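Structure file protein_4.pdb (PDB, C-alpha atoms) is printed below.
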```pdb
MODEL        1
ATOM      1  CA  MET A  26      52.027 -55.366  -2.855
ATOM      2  CA  LYS A  27      50.115 -58.088  -0.979
ATOM      3  CA  LYS A  28      48.997 -55.554   1.620
ATOM      4  CA  LEU A  29      47.729 -53.229  -1.116
ATOM      5  CA  LEU A  30      45.809 -56.055  -2.809
ATOM      6  CA  SER A  31      44.323 -57.084   0.524
ATOM      7  CA  LEU A  32      43.229 -53.504   1.203
ATOM      8  CA  LEU A  33      41.618 -53.189  -2.221
ATOM      9  CA  LEU A  34      39.814 -56.508  -1.712
ATOM     10  CA  PHE A  35      38.552 -55.334   1.681
ATOM     11  CA  ILE A  36      37.231 -52.089   0.180
ATOM     12  CA  LEU A  37      35.487 -53.981  -2.633
ATOM     13  CA  ILE A  38      33.848 -56.393  -0.190
ATOM     14  CA  ALA A  39      32.772 -53.522   2.075
ATOM     15  CA  GLN A  40      31.245 -51.628  -0.847
ATOM     16  CA  THR A  41      29.382 -54.739  -1.986
ATOM     17  CA  MET A  42      28.016 -55.393   1.515
ATOM     18  CA  TYR A  43      26.955 -51.735   1.832
ATOM     19  CA  ALA A  44      25.121 -51.882  -1.506
ATOM     20  CA  GLN A  45      23.327 -55.062  -0.414
ATOM     21  CA  LYS A  46      22.286 -53.564   2.939
ATOM     22  CA  LYS A  47      21.274 -50.175   1.572
ATOM     23  CA  THR A  48      17.482 -50.004   1.734
ATOM     24  CA  SER A  49      16.814 -46.402   0.717
ATOM     25  CA  ALA A  50      18.102 -44.246  -2.098
ATOM     26  CA  GLY A  51      19.353 -41.305  -0.076
ATOM     27  CA  ASN A  52      19.229 -37.836  -1.641
ATOM     28  CA  PRO A  53      20.911 -36.952  -3.908
ATOM     29  CA  ILE A  54      20.612 -40.345  -5.557
ATOM     30  CA  PHE A  55      23.897 -40.116  -7.473
ATOM     31  CA  GLN A  56      26.963 -37.919  -7.305
ATOM     32  CA  GLY A  57      27.608 -34.886  -9.476
ATOM     33  CA  TRP A  58      25.830 -31.707 -10.505
ATOM     34  CA  TYR A  59      22.722 -32.708 -12.443
ATOM     35  CA  ALA A  60      19.412 -30.930 -12.990
ATOM     36  CA  ASP A  61      16.106 -31.078 -14.921
ATOM     37  CA  PRO A  62      15.810 -34.879 -14.524
ATOM     38  CA  GLU A  63      13.372 -36.916 -16.559
ATOM     39  CA  GLY A  64      12.527 -40.275 -14.997
ATOM     40  CA  ILE A  65      11.036 -43.109 -17.027
ATOM     41  CA  ILE A  66      10.792 -46.909 -17.013
ATOM     42  CA  PHE A  67      12.083 -49.146 -19.805
ATOM     43  CA  ASP A  68      11.929 -52.953 -19.488
ATOM     44  CA  LYS A  69      11.540 -53.063 -15.676
ATOM     45  CA  THR A  70      14.431 -50.637 -15.270
ATOM     46  CA  TYR A  71      14.236 -47.095 -13.926
ATOM     47  CA  TRP A  72      16.073 -44.527 -16.014
ATOM     48  CA  ILE A  73      16.904 -40.879 -15.323
ATOM     49  CA  TYR A  74      18.027 -38.436 -18.011
ATOM     50  CA  PRO A  75      19.218 -35.118 -16.516
ATOM     51  CA  THR A  76      20.940 -31.952 -17.661
ATOM     52  CA  TYR A  77      24.634 -31.821 -16.806
ATOM     53  CA  SER A  78      24.574 -28.746 -14.575
ATOM     54  CA  ALA A  79      27.500 -26.511 -15.505
ATOM     55  CA  PRO A  80      28.191 -23.206 -17.281
ATOM     56  CA  TYR A  81      26.435 -23.188 -20.670
ATOM     57  CA  ASP A  82      29.611 -23.611 -22.708
ATOM     58  CA  LYS A  83      30.370 -26.800 -20.758
ATOM     59  CA  GLN A  84      26.858 -28.194 -21.105
ATOM     60  CA  VAL A  85      27.657 -30.111 -24.264
ATOM     61  CA  PHE A  86      26.652 -33.687 -23.356
ATOM     62  CA  PHE A  87      24.129 -35.841 -21.515
ATOM     63  CA  ASP A  88      24.769 -38.659 -19.061
ATOM     64  CA  ALA A  89      22.037 -41.131 -18.086
ATOM     65  CA  PHE A  90      21.505 -43.280 -14.994
ATOM     66  CA  SER A  91      19.717 -46.608 -14.602
ATOM     67  CA  SER A  92      18.565 -48.680 -11.644
ATOM     68  CA  LYS A  93      16.672 -51.908 -11.023
ATOM     69  CA  ASP A  94      15.563 -50.876  -7.544
ATOM     70  CA  LEU A  95      15.725 -47.048  -7.167
ATOM     71  CA  VAL A  96      18.668 -47.418  -4.786
ATOM     72  CA  THR A  97      21.716 -48.550  -6.768
ATOM     73  CA  TRP A  98      22.328 -46.440  -9.869
ATOM     74  CA  THR A  99      24.587 -47.091 -12.866
ATOM     75  CA  LYS A 100      25.997 -44.163 -14.810
ATOM     76  CA  HIS A 101      25.981 -44.236 -18.612
ATOM     77  CA  SER A 102      28.414 -41.539 -19.669
ATOM     78  CA  LYS A 103      27.963 -39.188 -22.598
ATOM     79  CA  ILE A 104      25.020 -40.930 -24.238
ATOM     80  CA  LEU A 105      24.826 -37.856 -26.483
ATOM     81  CA  ASP A 106      27.176 -34.945 -27.059
ATOM     82  CA  THR A 107      27.368 -32.064 -29.464
ATOM     83  CA  SER A 108      29.928 -33.843 -31.641
ATOM     84  CA  ASN A 109      26.955 -35.923 -32.837
ATOM     85  CA  VAL A 110      24.664 -32.896 -33.241
ATOM     86  CA  LYS A 111      26.530 -30.469 -35.509
ATOM     87  CA  TRP A 112      24.093 -27.567 -35.092
ATOM     88  CA  ALA A 113      24.168 -27.752 -31.261
ATOM     89  CA  LYS A 114      27.069 -25.768 -29.829
ATOM     90  CA  ARG A 115      26.251 -25.345 -26.115
ATOM     91  CA  ALA A 116      23.601 -25.468 -23.427
ATOM     92  CA  VAL A 117      22.000 -28.840 -24.171
ATOM     93  CA  TRP A 118      19.151 -29.016 -21.674
ATOM     94  CA  ALA A 119      16.352 -31.061 -20.181
ATOM     95  CA  PRO A 120      16.281 -34.269 -22.235
ATOM     96  CA  SER A 121      12.919 -35.984 -22.676
ATOM     97  CA  ILE A 122      12.876 -39.540 -23.966
ATOM     98  CA  ILE A 123      10.323 -41.946 -25.378
ATOM     99  CA  GLU A 124      10.440 -45.390 -26.977
ATOM    100  CA  LYS A 125       8.658 -45.994 -30.279
ATOM    101  CA  GLY A 126       8.997 -48.915 -32.667
ATOM    102  CA  GLY A 127      12.021 -50.303 -30.863
ATOM    103  CA  LYS A 128      13.893 -47.001 -31.146
ATOM    104  CA  TYR A 129      14.590 -44.467 -28.388
ATOM    105  CA  PHE A 130      14.074 -40.803 -29.181
ATOM    106  CA  ILE A 131      15.514 -38.000 -27.043
ATOM    107  CA  PHE A 132      14.143 -34.487 -27.426
ATOM    108  CA  PHE A 133      16.465 -31.760 -26.139
ATOM    109  CA  GLY A 134      17.027 -28.018 -26.158
ATOM    110  CA  ALA A 135      20.291 -26.504 -27.386
ATOM    111  CA  ASN A 136      22.120 -23.182 -27.744
ATOM    112  CA  ASP A 137      19.806 -21.180 -25.429
ATOM    113  CA  ILE A 138      18.589 -19.006 -28.287
ATOM    114  CA  GLN A 139      17.307 -15.581 -27.265
ATOM    115  CA  SER A 140      15.555 -14.614 -30.509
ATOM    116  CA  ASP A 141      14.561 -15.934 -33.924
ATOM    117  CA  LYS A 142      17.806 -14.473 -35.291
ATOM    118  CA  GLU A 143      19.861 -17.087 -33.432
ATOM    119  CA  TYR A 144      20.169 -20.717 -34.553
ATOM    120  CA  GLY A 145      19.174 -23.501 -32.194
ATOM    121  CA  GLY A 146      16.091 -24.652 -30.331
ATOM    122  CA  ILE A 147      14.644 -28.124 -29.801
ATOM    123  CA  GLY A 148      16.229 -31.126 -31.478
ATOM    124  CA  VAL A 149      15.739 -34.894 -31.635
ATOM    125  CA  ALA A 150      18.273 -37.704 -31.400
ATOM    126  CA  VAL A 151      17.741 -41.455 -31.786
ATOM    127  CA  ALA A 152      19.358 -44.671 -30.540
ATOM    128  CA  ASP A 153      18.752 -48.408 -30.516
ATOM    129  CA  LYS A 154      19.135 -48.620 -26.723
ATOM    130  CA  PRO A 155      18.139 -46.355 -23.833
ATOM    131  CA  SER A 156      21.844 -46.053 -22.987
ATOM    132  CA  GLY A 157      22.637 -44.735 -26.450
ATOM    133  CA  PRO A 158      24.742 -43.733 -28.216
ATOM    134  CA  PHE A 159      22.276 -41.179 -29.611
ATOM    135  CA  LYS A 160      22.713 -39.619 -33.040
ATOM    136  CA  ASP A 161      21.085 -36.520 -34.477
ATOM    137  CA  TYR A 162      17.783 -37.560 -36.060
ATOM    138  CA  LEU A 163      16.863 -34.553 -38.196
ATOM    139  CA  LYS A 164      20.253 -32.834 -38.759
ATOM    140  CA  LYS A 165      18.473 -29.603 -37.785
ATOM    141  CA  PRO A 166      16.238 -28.360 -34.965
ATOM    142  CA  LEU A 167      12.668 -29.599 -34.795
ATOM    143  CA  ILE A 168      11.645 -26.152 -33.473
ATOM    144  CA  ASP A 169      13.960 -23.230 -34.158
ATOM    145  CA  LYS A 170      11.684 -20.223 -33.574
ATOM    146  CA  PHE A 171       9.695 -18.560 -30.799
ATOM    147  CA  HIS A 172       5.964 -19.318 -31.042
ATOM    148  CA  ASN A 173       3.405 -17.637 -28.762
ATOM    149  CA  GLY A 174       6.341 -16.108 -26.890
ATOM    150  CA  ALA A 175       7.719 -19.488 -25.773
ATOM    151  CA  GLN A 176      11.473 -19.955 -25.838
ATOM    152  CA  PRO A 177      12.094 -23.355 -27.517
ATOM    153  CA  ILE A 178      13.452 -25.188 -24.444
ATOM    154  CA  ASP A 179      12.235 -27.563 -21.709
ATOM    155  CA  GLN A 180      10.532 -30.033 -23.996
ATOM    156  CA  PHE A 181       8.441 -32.958 -22.786
ATOM    157  CA  VAL A 182       7.122 -35.621 -25.139
ATOM    158  CA  PHE A 183       3.721 -36.904 -24.018
ATOM    159  CA  LYS A 184       2.016 -40.048 -25.327
ATOM    160  CA  ASP A 185      -1.775 -40.065 -25.124
ATOM    161  CA  LYS A 186      -3.140 -43.392 -26.390
ATOM    162  CA  ASP A 187      -1.554 -43.630 -29.864
ATOM    163  CA  GLU A 188      -0.853 -39.931 -30.314
ATOM    164  CA  TYR A 189       2.300 -38.029 -29.384
ATOM    165  CA  TYR A 190       2.558 -34.404 -28.325
ATOM    166  CA  LEU A 191       5.438 -32.085 -27.585
ATOM    167  CA  ILE A 192       4.811 -29.799 -24.619
ATOM    168  CA  TYR A 193       7.494 -27.163 -24.189
ATOM    169  CA  GLY A 194       8.433 -23.605 -23.430
ATOM    170  CA  GLY A 195      10.418 -21.146 -21.395
ATOM    171  CA  TRP A 196       9.979 -17.423 -20.816
ATOM    172  CA  ARG A 197       6.608 -17.966 -19.070
ATOM    173  CA  HIS A 198       4.852 -19.445 -22.100
ATOM    174  CA  CYS A 199       3.961 -23.083 -22.799
ATOM    175  CA  ASN A 200       2.861 -24.671 -26.075
ATOM    176  CA  ILE A 201       1.550 -28.077 -27.071
ATOM    177  CA  ALA A 202       2.111 -29.402 -30.610
ATOM    178  CA  HIS A 203       0.886 -32.645 -32.194
ATOM    179  CA  LEU A 204       3.866 -34.700 -33.367
ATOM    180  CA  LYS A 205       3.898 -36.643 -36.611
ATOM    181  CA  LYS A 206       4.180 -40.396 -36.178
ATOM    182  CA  ASP A 207       7.809 -40.360 -37.314
ATOM    183  CA  PHE A 208       8.729 -37.326 -35.148
ATOM    184  CA  THR A 209       9.961 -35.347 -38.156
ATOM    185  CA  GLY A 210       7.497 -32.492 -37.678
ATOM    186  CA  PHE A 211       3.987 -31.607 -36.537
ATOM    187  CA  ILE A 212       0.376 -32.223 -37.525
ATOM    188  CA  PRO A 213      -1.658 -29.001 -37.806
ATOM    189  CA  TYR A 214      -4.757 -28.632 -35.651
ATOM    190  CA  GLU A 215      -8.194 -28.165 -37.191
ATOM    191  CA  ASP A 216      -7.760 -24.390 -37.259
ATOM    192  CA  GLY A 217      -4.521 -24.750 -39.219
ATOM    193  CA  GLY A 218      -2.311 -23.780 -36.286
ATOM    194  CA  ILE A 219       0.584 -25.923 -35.049
ATOM    195  CA  PHE A 220       1.523 -24.461 -31.666
ATOM    196  CA  LYS A 221      -1.356 -24.155 -29.219
ATOM    197  CA  GLU A 222      -0.637 -22.162 -26.062
ATOM    198  CA  ILE A 223      -1.749 -23.765 -22.772
ATOM    199  CA  THR A 224       0.095 -21.476 -20.331
ATOM    200  CA  PRO A 225      -1.406 -21.589 -16.823
ATOM    201  CA  GLU A 226      -1.098 -18.948 -14.110
ATOM    202  CA  ASN A 227       2.457 -18.489 -12.755
ATOM    203  CA  TYR A 228       4.004 -20.813 -15.342
ATOM    204  CA  VAL A 229       7.732 -20.222 -15.916
ATOM    205  CA  GLU A 230       9.219 -23.400 -17.481
ATOM    206  CA  GLY A 231       9.747 -27.150 -17.040
ATOM    207  CA  PRO A 232       6.385 -28.639 -18.153
ATOM    208  CA  PHE A 233       5.407 -32.218 -17.400
ATOM    209  CA  MET A 234       2.149 -34.113 -17.943
ATOM    210  CA  PHE A 235       0.723 -37.451 -16.871
ATOM    211  CA  LYS A 236      -2.683 -39.091 -16.957
ATOM    212  CA  LYS A 237      -4.470 -40.615 -13.972
ATOM    213  CA  ASN A 238      -8.061 -41.899 -13.845
ATOM    214  CA  GLY A 239      -8.867 -40.193 -17.128
ATOM    215  CA  LYS A 240      -7.644 -36.784 -15.952
ATOM    216  CA  TYR A 241      -4.672 -34.850 -17.313
ATOM    217  CA  TYR A 242      -2.270 -33.573 -14.667
ATOM    218  CA  PHE A 243      -0.179 -30.695 -15.976
ATOM    219  CA  MET A 244       2.825 -29.650 -13.884
ATOM    220  CA  TRP A 245       5.409 -26.890 -14.278
ATOM    221  CA  SER A 246       8.131 -24.935 -12.500
ATOM    222  CA  GLU A 247       7.706 -21.471 -10.986
ATOM    223  CA  GLY A 248      10.196 -18.917  -9.653
ATOM    224  CA  GLY A 249      13.791 -18.431 -10.762
ATOM    225  CA  TRP A 250      15.964 -21.485 -11.347
ATOM    226  CA  THR A 251      18.957 -19.964  -9.539
ATOM    227  CA  GLY A 252      16.971 -18.913  -6.469
ATOM    228  CA  PRO A 253      15.544 -20.632  -3.402
ATOM    229  CA  ASP A 254      11.953 -19.986  -4.556
ATOM    230  CA  TYR A 255      12.125 -22.426  -7.493
ATOM    231  CA  SER A 256       9.142 -24.749  -7.093
ATOM    232  CA  VAL A 257       6.550 -26.936  -8.831
ATOM    233  CA  ALA A 258       2.816 -26.319  -9.207
ATOM    234  CA  TYR A 259       0.071 -28.159 -11.082
ATOM    235  CA  ALA A 260      -3.384 -28.147 -12.612
ATOM    236  CA  ILE A 261      -5.872 -30.821 -13.737
ATOM    237  CA  ALA A 262      -8.050 -30.877 -16.860
ATOM    238  CA  ASP A 263     -10.142 -33.243 -18.969
ATOM    239  CA  SER A 264      -7.936 -32.702 -22.016
ATOM    240  CA  PRO A 265      -4.215 -32.256 -22.690
ATOM    241  CA  PHE A 266      -5.190 -28.854 -24.113
ATOM    242  CA  GLY A 267      -6.723 -27.672 -20.861
ATOM    243  CA  PRO A 268      -7.941 -25.220 -19.868
ATOM    244  CA  PHE A 269      -5.566 -25.573 -16.924
ATOM    245  CA  LYS A 270      -6.484 -23.673 -13.767
ATOM    246  CA  ARG A 271      -3.633 -23.597 -11.272
ATOM    247  CA  ILE A 272      -4.373 -25.584  -8.098
ATOM    248  CA  GLY A 273      -1.210 -24.848  -6.128
ATOM    249  CA  LYS A 274       2.380 -25.768  -5.318
ATOM    250  CA  ILE A 275       3.316 -29.338  -4.465
ATOM    251  CA  LEU A 276       7.133 -29.137  -4.412
ATOM    252  CA  GLN A 277       9.298 -26.421  -2.899
ATOM    253  CA  GLN A 278      12.290 -25.782  -0.683
ATOM    254  CA  ASP A 279      12.621 -26.834   2.928
ATOM    255  CA  PRO A 280      15.173 -24.504   4.560
ATOM    256  CA  LYS A 281      16.274 -27.416   6.779
ATOM    257  CA  ILE A 282      16.915 -29.757   3.839
ATOM    258  CA  ALA A 283      17.621 -27.921   0.557
ATOM    259  CA  THR A 284      16.558 -24.955  -1.570
ATOM    260  CA  GLY A 285      15.448 -24.470  -5.175
ATOM    261  CA  ALA A 286      13.455 -27.704  -5.506
ATOM    262  CA  GLY A 287      12.004 -27.793  -9.022
ATOM    263  CA  HIS A 288      12.110 -28.883 -12.673
ATOM    264  CA  HIS A 289      10.816 -32.361 -12.088
ATOM    265  CA  SER A 290       9.278 -35.447 -13.623
ATOM    266  CA  VAL A 291       7.048 -38.219 -12.301
ATOM    267  CA  ILE A 292       7.460 -42.012 -12.343
ATOM    268  CA  LYS A 293       4.763 -44.568 -11.516
ATOM    269  CA  ASN A 294       5.640 -48.176 -10.768
ATOM    270  CA  PRO A 295       3.433 -49.999 -13.326
ATOM    271  CA  LYS A 296       2.873 -52.935 -10.943
ATOM    272  CA  THR A 297       1.894 -50.923  -7.856
ATOM    273  CA  ASP A 298       0.358 -47.596  -6.894
ATOM    274  CA  ASP A 299       3.744 -46.110  -5.974
ATOM    275  CA  TRP A 300       4.340 -42.643  -7.428
ATOM    276  CA  TYR A 301       7.701 -40.871  -7.341
ATOM    277  CA  ILE A 302       8.735 -37.319  -8.087
ATOM    278  CA  VAL A 303      12.218 -36.878  -9.551
ATOM    279  CA  TYR A 304      13.571 -33.347  -9.253
ATOM    280  CA  HIS A 305      16.632 -31.221  -8.665
ATOM    281  CA  ARG A 306      17.467 -29.051  -5.687
ATOM    282  CA  ARG A 307      20.366 -27.059  -4.286
ATOM    283  CA  PRO A 308      22.262 -28.237  -1.173
ATOM    284  CA  LEU A 309      22.244 -25.777   1.717
ATOM    285  CA  THR A 310      26.023 -25.434   1.428
ATOM    286  CA  GLU A 311      25.841 -24.187  -2.182
ATOM    287  CA  LYS A 312      25.161 -20.749  -3.666
ATOM    288  CA  ASP A 313      26.277 -21.248  -7.270
ATOM    289  CA  GLY A 314      23.296 -21.482  -9.640
ATOM    290  CA  ASN A 315      24.677 -24.608 -11.299
ATOM    291  CA  SER A 316      25.190 -26.499  -8.030
ATOM    292  CA  ARG A 317      22.130 -28.695  -8.421
ATOM    293  CA  VAL A 318      21.617 -32.354  -7.538
ATOM    294  CA  THR A 319      19.036 -34.956  -8.543
ATOM    295  CA  CYS A 320      16.699 -36.391  -5.898
ATOM    296  CA  ILE A 321      13.671 -38.684  -5.583
ATOM    297  CA  ASP A 322      10.830 -38.587  -3.077
ATOM    298  CA  LYS A 323       7.395 -40.191  -2.836
ATOM    299  CA  MET A 324       4.325 -38.455  -4.239
ATOM    300  CA  PHE A 325       0.831 -39.049  -2.857
ATOM    301  CA  PHE A 326      -2.753 -38.192  -3.793
ATOM    302  CA  ASP A 327      -5.723 -37.471  -1.554
ATOM    303  CA  GLU A 328      -9.189 -39.053  -1.860
ATOM    304  CA  ASN A 329     -10.180 -36.442  -4.451
ATOM    305  CA  GLY A 330      -7.200 -37.108  -6.678
ATOM    306  CA  LEU A 331      -5.351 -33.950  -5.697
ATOM    307  CA  ILE A 332      -1.586 -34.132  -5.242
ATOM    308  CA  LYS A 333      -0.472 -33.758  -1.653
ATOM    309  CA  PRO A 334       2.471 -31.425  -0.956
ATOM    310  CA  VAL A 335       5.697 -33.410  -1.352
ATOM    311  CA  VAL A 336       7.930 -33.802   1.687
ATOM    312  CA  ILE A 337      11.518 -33.477   0.488
ATOM    313  CA  THR A 338      13.922 -35.702   2.418
ATOM    314  CA  ASN A 339      17.545 -36.665   2.814
ATOM    315  CA  GLU A 340      16.576 -40.342   2.987
ATOM    316  CA  GLY A 341      14.890 -40.544  -0.404
ATOM    317  CA  VAL A 342      12.760 -43.568  -1.259
ATOM    318  CA  GLU A 343      12.838 -47.231  -0.287
ATOM    319  CA  LYS A 344      14.222 -49.975  -2.479
ATOM    320  CA  LYS A 345      11.539 -51.053  -4.960
ATOM    321  CA  ALA A 346      12.108 -53.357  -7.920
ATOM    322  CA  ILE A 347       9.583 -53.688 -10.713
ATOM    323  CA  LYS A 348       8.368 -57.269 -10.451
TER
ENDMDL
END
```
Could you render the structure from this file as structure tokens?
Amino acid sequence: MKKLLSLLLFILIAQTMYAQKKTSAGNPIFQGWYADPEGIIFDKTYWIYPTYSAPYDKQVFFDAFSSKDLVTWTKHSKILDTSNVKWAKRAVWAPSIIEKGGKYFIFFGANDIQSDKEYGGIGVAVADKPSGPFKDYLKKPLIDKFHNGAQPIDQFVFKDKDEYYLIYGGWRHCNIAHLKKDFTGFIPYEDGGIFKEITPENYVEGPFMFKKNGKYYFMWSEGGWTGPDYSVAYAIADSPFGPFKRIGKILQQDPKIATGAGHHSVIKNPKTDDWYIVYHRRPLTEKDGNSRVTCIDKMFFDENGLIKPVVITNEGVEKKAIK
């Protein structure tokens, strides 16, 4: 018994020393099959909210991960599952989270609906903490129909000054809708419409938007999510409504590192000019479509504000706390 206790103590000490010495994240940044990661910062802590990558009938919950330094990650298990969202049966995808009024709102897709005859779409859940537990906010989908040809999946909630927008869409169409302040519905545009299409060239799914120096950077995924050609491209405009003219790809496979690099998000350290791209990719040893892992690499801009092509790595990013 003493020998066993001594061995366990040795392992614990070794793990602690390794965590202290570890200076880079390494890719993937945590174990398990996870995809479609959204990275965000809450209270000087990095958070990542991914899809649990498994067959659709097993995709019935979300885990989250938090870190103070981008290197050591803590898993928060089952922050939301379909037992708390009665209308969601399967395929809960691509969570997008935002804090408002001391509450945390997660927007998510569910049920993988293929037509307006099926029930599902984009829902909202709410919690008092970023680690949950999250409960269904509306007791029904926020969007349950196809508009402008966009499948109601891959939602991203974007804050622009004091206004909130939902940017979403699969099936090669992307919409932007102006959210009400309480996230219970949408504010019509001046022409009376609610869903404005902003689909750029080659768009497939996975929209993301950020603002830098007064410009709106719109990013999306191209190619097929199960194939090696999955990738990320972008455009820049003066408005979140575009028009968005495709500039080019900035994230894609490296046959020496991994394939299928796509469906991403972007984090900026608020105290520095460090930008990070959080994305999923498929290890070279894997062929199954659901065998996807979450990774982080640095993202850089040139002197004209264009995004440089991202170099995907096995090392990941260096330790960086938010001071």
**Report entry** Picked residues, the PyMOL selection byres ((chain A and resi 97) around 9), as number ranges by chain
**Finding:** A: 44, 47, 50, 54-55, 91-96, 98-99, 344
Query raised in the report: Which residue gives the smallest distance to Asp106 in chain A among A:Pro232, A:Pro120, A:Gly267, A:Pro62, with only C-alpha atoms counted?
Result: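 Of A:Pro232, A:Pro120, A:Gly267, A:Pro62, the one nearest Asp106 in chain A, counting only C-alpha atoms, is A:Pro120.
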Query raised in the report: Using all atoms listed in the file, which of the listed residues (A:Lys348, A:Pro177, A:Gly330, A:Leu167) sits closest to Lys240 in chain A?
Result: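 The shortest atom-to-atom distance to Lys240 in chain A comes from A:Gly330.
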Check which residues of range 43-111 of chain A sit at most 10 Å from range 139-157 of chain A using all atoms listed in the file, and return one row each with the closest pair of atoms and their distance in Å to one decimal, ordered by chain and rising number, as a Markdown table.
```
| residue | atom | partner | partner_atom | distance |
| --- | --- | --- | --- | --- |
| A:Phe67 | CA | A:Pro155 | CA | 7.8 |
| A:Trp72 | CA | A:Pro155 | CA | 8.3 |
| A:Tyr74 | CA | A:Pro155 | CA | 9.8 |
| A:Asp88 | CA | A:Ser156 | CA | 8.9 |
| A:Ala89 | CA | A:Ser156 | CA | 6.9 |
| A:Phe90 | CA | A:Ser156 | CA | 8.5 |
| A:Ser91 | CA | A:Ser156 | CA | 8.7 |
| A:Lys100 | CA | A:Ser156 | CA | 9.4 |
| A:His101 | CA | A:Ser156 | CA | 6.3 |
| A:Ser102 | CA | A:Ser156 | CA | 8.6 |
| A:Lys103 | CA | A:Gly157 | CA | 8.6 |
| A:Ile104 | CA | A:Gly157 | CA | 5.0 |
| A:Leu105 | CA | A:Gly157 | CA | 7.2 |
| A:Asn109 | CA | A:Ala150 | CA | 9.0 |
| A:Val110 | CA | A:Ala150 | CA | 8.2 |
```
Query - Gap from CA of Thr338 in chain A to CA of Gly51 in chain A - Å, one decimal - result: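 If I compute the distance from CA of Thr338 in chain A to CA of Gly51 in chain A, I get 8.2 Å.
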Query raised in the report: Between CA of Thr70 in chain A and CA of Ala286 in chain A, what is the spacing in Å?
Result: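 These two atoms are separated by 24.9 Å.
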Query raised in the report: Written as a list in words, which residues does the PyMOL selection byres ((chain A and resi 186) around 12) give for the file shown?
Result: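 Applied to this file, the PyMOL selection byres ((chain A and resi 186) around 12) returns Phe183, Lys184, Asp185, Asp187, Glu188, Tyr189, Tyr190, Phe235, Lys236, Gly239 and Pro265 of chain A.
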Filtering to C-alpha atoms, could you give me those residues as an mmCIF file, in the frame of the given file?
```cif
data_model
loop_
_atom_site.group_PDB
_atom_site.id
_atom_site.type_symbol
_atom_site.label_atom_id
_atom_site.label_comp_id
_atom_site.auth_asym_id
_atom_site.auth_seq_id
_atom_site.Cartn_x
_atom_site.Cartn_y
_atom_site.Cartn_z
ATOM 1 C CA PHE A 183 3.721 -36.904 -24.018
ATOM 2 C CA LYS A 184 2.016 -40.048 -25.327
ATOM 3 C CA ASP A 185 -1.775 -40.065 -25.124
ATOM 4 C CA ASP A 187 -1.554 -43.630 -29.864
ATOM 5 C CA GLU A 188 -0.853 -39.931 -30.314
ATOM 6 C CA TYR A 189 2.300 -38.029 -29.384
ATOM 7 C CA TYR A 190 2.558 -34.404 -28.325
ATOM 8 C CA PHE A 235 0.723 -37.451 -16.871
ATOM 9 C CA LYS A 236 -2.683 -39.091 -16.957
ATOM 10 C CA GLY A 239 -8.867 -40.193 -17.128
ATOM 11 C CA PRO A 265 -4.215 -32.256 -22.690
#
```
